[in-house]
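Note sheet for the following structure.
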Amino acid sequence: LCAGIAAVASAFFALSAALNGQRMVCTLAAAALGASLGFLRWNFAPAKIFMGDGGAMFLGFLMATLGLKLRPLNAHSRLDWLAPVFILAIPIFDTTLISISRSRRGLLPFTAPGKDHTAHRLANLGLGQARAVLVLYGAASILGIFGVMMPAVEGIPRLAGCACLVILAAFAVIALERLPFEDQRKFGVPAESAHRIADL
């Protein structure tokens, strides 16, 4: 999932940078795209290699860097910064979901690993791992198209698109929060003990 979403985002970053004449950003995005696809070739089920935290964090750093360096050619609106937000909407949404979900359960969002991410919840819904990943690839692609088109859209359509994205994201967080997920440890305490402590 990480490599695939990074590949999709890199493709749209490269396209947007190419359209705006940013050669260095386009080159970096193309390199990230190639690396992600090369890794994904051996990582997709049945996987022969796996990505560790170091690789995932490095890809996240690259995506953040590309988002910050992307500058639309006709940047004249205060909302042009939303283009990379649309391109990275899936990782941003997933981080928001688990932060809210884990905080509600008394967990520290960034220090309590677990299988409660968006892909895990979709898989538990009945899609399975492969289909859940492909659904997120599709969503990332659709949002990436909106991100590339964002600088060319002005006025009310842009504001309406942003408002719709926020509303859909809010409803998606509520809906996904109700789906089943694997319970986690609470501050290093087994889940069963954590529930007992909460009852006390």
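Residue numbers start at 1 in each chain; chains themselves are named A, B, ... in the order of the structure tokens; ligands are numbered from 1 in the order shown.
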So which residues touch Leu122 of chain A within 12 Å, counting only C-alpha atoms, skipping near sequence neighbours fewer than 3 positions away, as a list of chain:residue names? A:Asp94, A:Lys115, A:Asp116, A:His117, A:Thr118, A:Ala119, A:Leu125, A:Gly126, A:Leu127, A:Gly128, A:Gln129, A:Ala130, A:Arg131, A:Ala132, A:Val133, A:Leu134, A:Val135, A:Leu136, A:Ala172, A:Ala175, A:Leu176, A:Glu177, A:Arg178, A:Leu179, A:Pro180, A:Phe181
At a cut-off of 12 Å, using only C-alpha atoms, what residues contact segment 26-31 of chain A? Leave out same-chain residues fewer than 4 positions from it and give the result as a ChimeraX atom specification. /A:6-22,35-38,59,62-67,69-71
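Nearest-residue note for Ala139 of chain A: choosing from A:Ala45, A:Val25, A:Leu40, A:Leu165, the minimum distance belongs to A:Leu165, counting only C-alpha atoms.
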To one decimal in Å, tell me the separation between atom CA of Ala83 of chain A and atom CA of Phe110 of chain A. 26.0 Å
Which residue out of A:Phe93, A:Phe86, A:Tyr137, A:Phe171 has the minimum interatomic distance to Cys2 of chain A when only C-alpha atoms are used? A:Tyr137
Segment 133-186 of chain A: residues DSSP assigns to alpha helix (DSSP H), reported as a ChimeraX atom specification: /A:133-149,156-177
Would you save the residues of that selection, restricted to N, CA and C atoms, as a CSV table (one decimal), in the first residue's frame?
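The result, written out as part-v1.csv:
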```csv
chain,number,residue,atom,x,y,z
A,133,VAL,N,-6.5,-2.6,-1.1
A,133,VAL,CA,-5.4,-1.8,-1.6
A,133,VAL,C,-5.7,-1.2,-3.0
A,134,LEU,N,-6.4,-2.0,-3.8
A,134,LEU,CA,-6.7,-1.4,-5.2
A,134,LEU,C,-7.8,-0.3,-5.1
A,135,VAL,N,-8.7,-0.4,-4.1
A,135,VAL,CA,-9.7,0.7,-3.9
A,135,VAL,C,-9.0,1.9,-3.5
A,136,LEU,N,-8.0,1.8,-2.6
A,136,LEU,CA,-7.2,3.0,-2.2
A,136,LEU,C,-6.4,3.6,-3.4
A,137,TYR,N,-5.9,2.7,-4.2
A,137,TYR,CA,-5.1,3.1,-5.4
A,137,TYR,C,-6.1,4.0,-6.3
A,138,GLY,N,-7.3,3.4,-6.5
A,138,GLY,CA,-8.2,4.1,-7.3
A,138,GLY,C,-8.6,5.5,-6.7
A,139,ALA,N,-8.9,5.5,-5.4
A,139,ALA,CA,-9.2,6.8,-4.8
A,139,ALA,C,-8.1,7.8,-4.9
A,140,ALA,N,-6.8,7.3,-4.7
A,140,ALA,CA,-5.7,8.2,-4.8
A,140,ALA,C,-5.5,8.8,-6.2
A,141,SER,N,-5.9,7.9,-7.2
A,141,SER,CA,-5.8,8.4,-8.6
A,141,SER,C,-6.8,9.4,-8.9
A,142,ILE,N,-8.0,9.2,-8.5
A,142,ILE,CA,-9.1,10.2,-8.7
A,142,ILE,C,-8.8,11.5,-8.1
A,143,LEU,N,-8.3,11.5,-6.8
A,143,LEU,CA,-8.0,12.7,-6.1
A,143,LEU,C,-6.7,13.4,-6.7
A,144,GLY,N,-5.8,12.5,-7.2
A,144,GLY,CA,-4.6,13.1,-7.9
A,144,GLY,C,-5.0,13.9,-9.1
A,145,ILE,N,-6.0,13.4,-9.9
A,145,ILE,CA,-6.5,14.1,-11.1
A,145,ILE,C,-7.0,15.5,-10.7
A,146,PHE,N,-7.8,15.5,-9.6
A,146,PHE,CA,-8.3,16.8,-9.1
A,146,PHE,C,-7.2,17.7,-8.6
A,147,GLY,N,-6.2,17.1,-8.0
A,147,GLY,CA,-5.0,17.9,-7.6
A,147,GLY,C,-4.3,18.6,-8.8
A,148,VAL,N,-4.1,17.8,-9.9
A,148,VAL,CA,-3.5,18.4,-11.0
A,148,VAL,C,-4.3,19.5,-11.7
A,149,MET,N,-5.6,19.3,-11.7
A,149,MET,CA,-6.6,20.3,-12.3
A,149,MET,C,-6.8,21.5,-11.4
A,156,ILE,N,-15.9,29.8,-7.4
A,156,ILE,CA,-16.8,28.9,-6.7
A,156,ILE,C,-16.6,27.4,-7.0
A,157,PRO,N,-16.3,27.0,-8.2
A,157,PRO,CA,-16.1,25.5,-8.4
A,157,PRO,C,-14.9,25.0,-7.5
A,158,ARG,N,-13.9,25.8,-7.3
A,158,ARG,CA,-12.8,25.3,-6.5
A,158,ARG,C,-13.2,25.2,-5.1
A,159,LEU,N,-13.9,26.2,-4.6
A,159,LEU,CA,-14.4,26.2,-3.2
A,159,LEU,C,-15.4,25.1,-3.0
A,160,ALA,N,-16.2,24.8,-4.0
A,160,ALA,CA,-17.2,23.8,-3.8
A,160,ALA,C,-16.5,22.4,-3.8
A,161,GLY,N,-15.5,22.2,-4.6
A,161,GLY,CA,-14.7,21.0,-4.6
A,161,GLY,C,-14.0,20.7,-3.3
A,162,CYS,N,-13.5,21.8,-2.7
A,162,CYS,CA,-12.8,21.6,-1.4
A,162,CYS,C,-13.8,21.3,-0.3
A,163,ALA,N,-14.9,22.0,-0.4
A,163,ALA,CA,-16.0,21.7,0.6
A,163,ALA,C,-16.5,20.3,0.5
A,164,CYS,N,-16.7,19.8,-0.7
A,164,CYS,CA,-17.2,18.4,-0.9
A,164,CYS,C,-16.1,17.4,-0.3
A,165,LEU,N,-14.9,17.7,-0.6
A,165,LEU,CA,-13.8,16.8,-0.1
A,165,LEU,C,-13.8,16.7,1.4
A,166,VAL,N,-13.9,17.9,2.1
A,166,VAL,CA,-13.9,17.9,3.5
A,166,VAL,C,-15.1,17.2,4.1
A,167,ILE,N,-16.3,17.4,3.5
A,167,ILE,CA,-17.5,16.7,4.0
A,167,ILE,C,-17.4,15.2,3.8
A,168,LEU,N,-17.0,14.8,2.6
A,168,LEU,CA,-16.8,13.3,2.3
A,168,LEU,C,-15.8,12.7,3.2
A,169,ALA,N,-14.7,13.4,3.5
A,169,ALA,CA,-13.7,12.9,4.4
A,169,ALA,C,-14.3,12.7,5.8
A,170,ALA,N,-15.1,13.7,6.3
A,170,ALA,CA,-15.7,13.6,7.6
A,170,ALA,C,-16.6,12.4,7.7
A,171,PHE,N,-17.5,12.2,6.7
A,171,PHE,CA,-18.4,11.1,6.7
A,171,PHE,C,-17.6,9.8,6.6
A,172,ALA,N,-16.5,9.7,5.8
A,172,ALA,CA,-15.7,8.5,5.7
A,172,ALA,C,-15.1,8.2,7.0
A,173,VAL,N,-14.6,9.2,7.8
A,173,VAL,CA,-14.0,8.9,9.1
A,173,VAL,C,-15.1,8.3,10.0
A,174,ILE,N,-16.3,8.8,10.0
A,174,ILE,CA,-17.3,8.3,10.9
A,174,ILE,C,-17.7,6.9,10.5
A,175,ALA,N,-17.8,6.6,9.2
A,175,ALA,CA,-18.2,5.3,8.7
A,175,ALA,C,-17.1,4.3,9.0
A,176,LEU,N,-15.8,4.6,8.7
A,176,LEU,CA,-14.8,3.7,8.9
A,176,LEU,C,-14.5,3.4,10.4
A,177,GLU,N,-14.8,4.4,11.2
A,177,GLU,CA,-14.5,4.2,12.7
A,177,GLU,C,-15.5,3.1,13.2
```
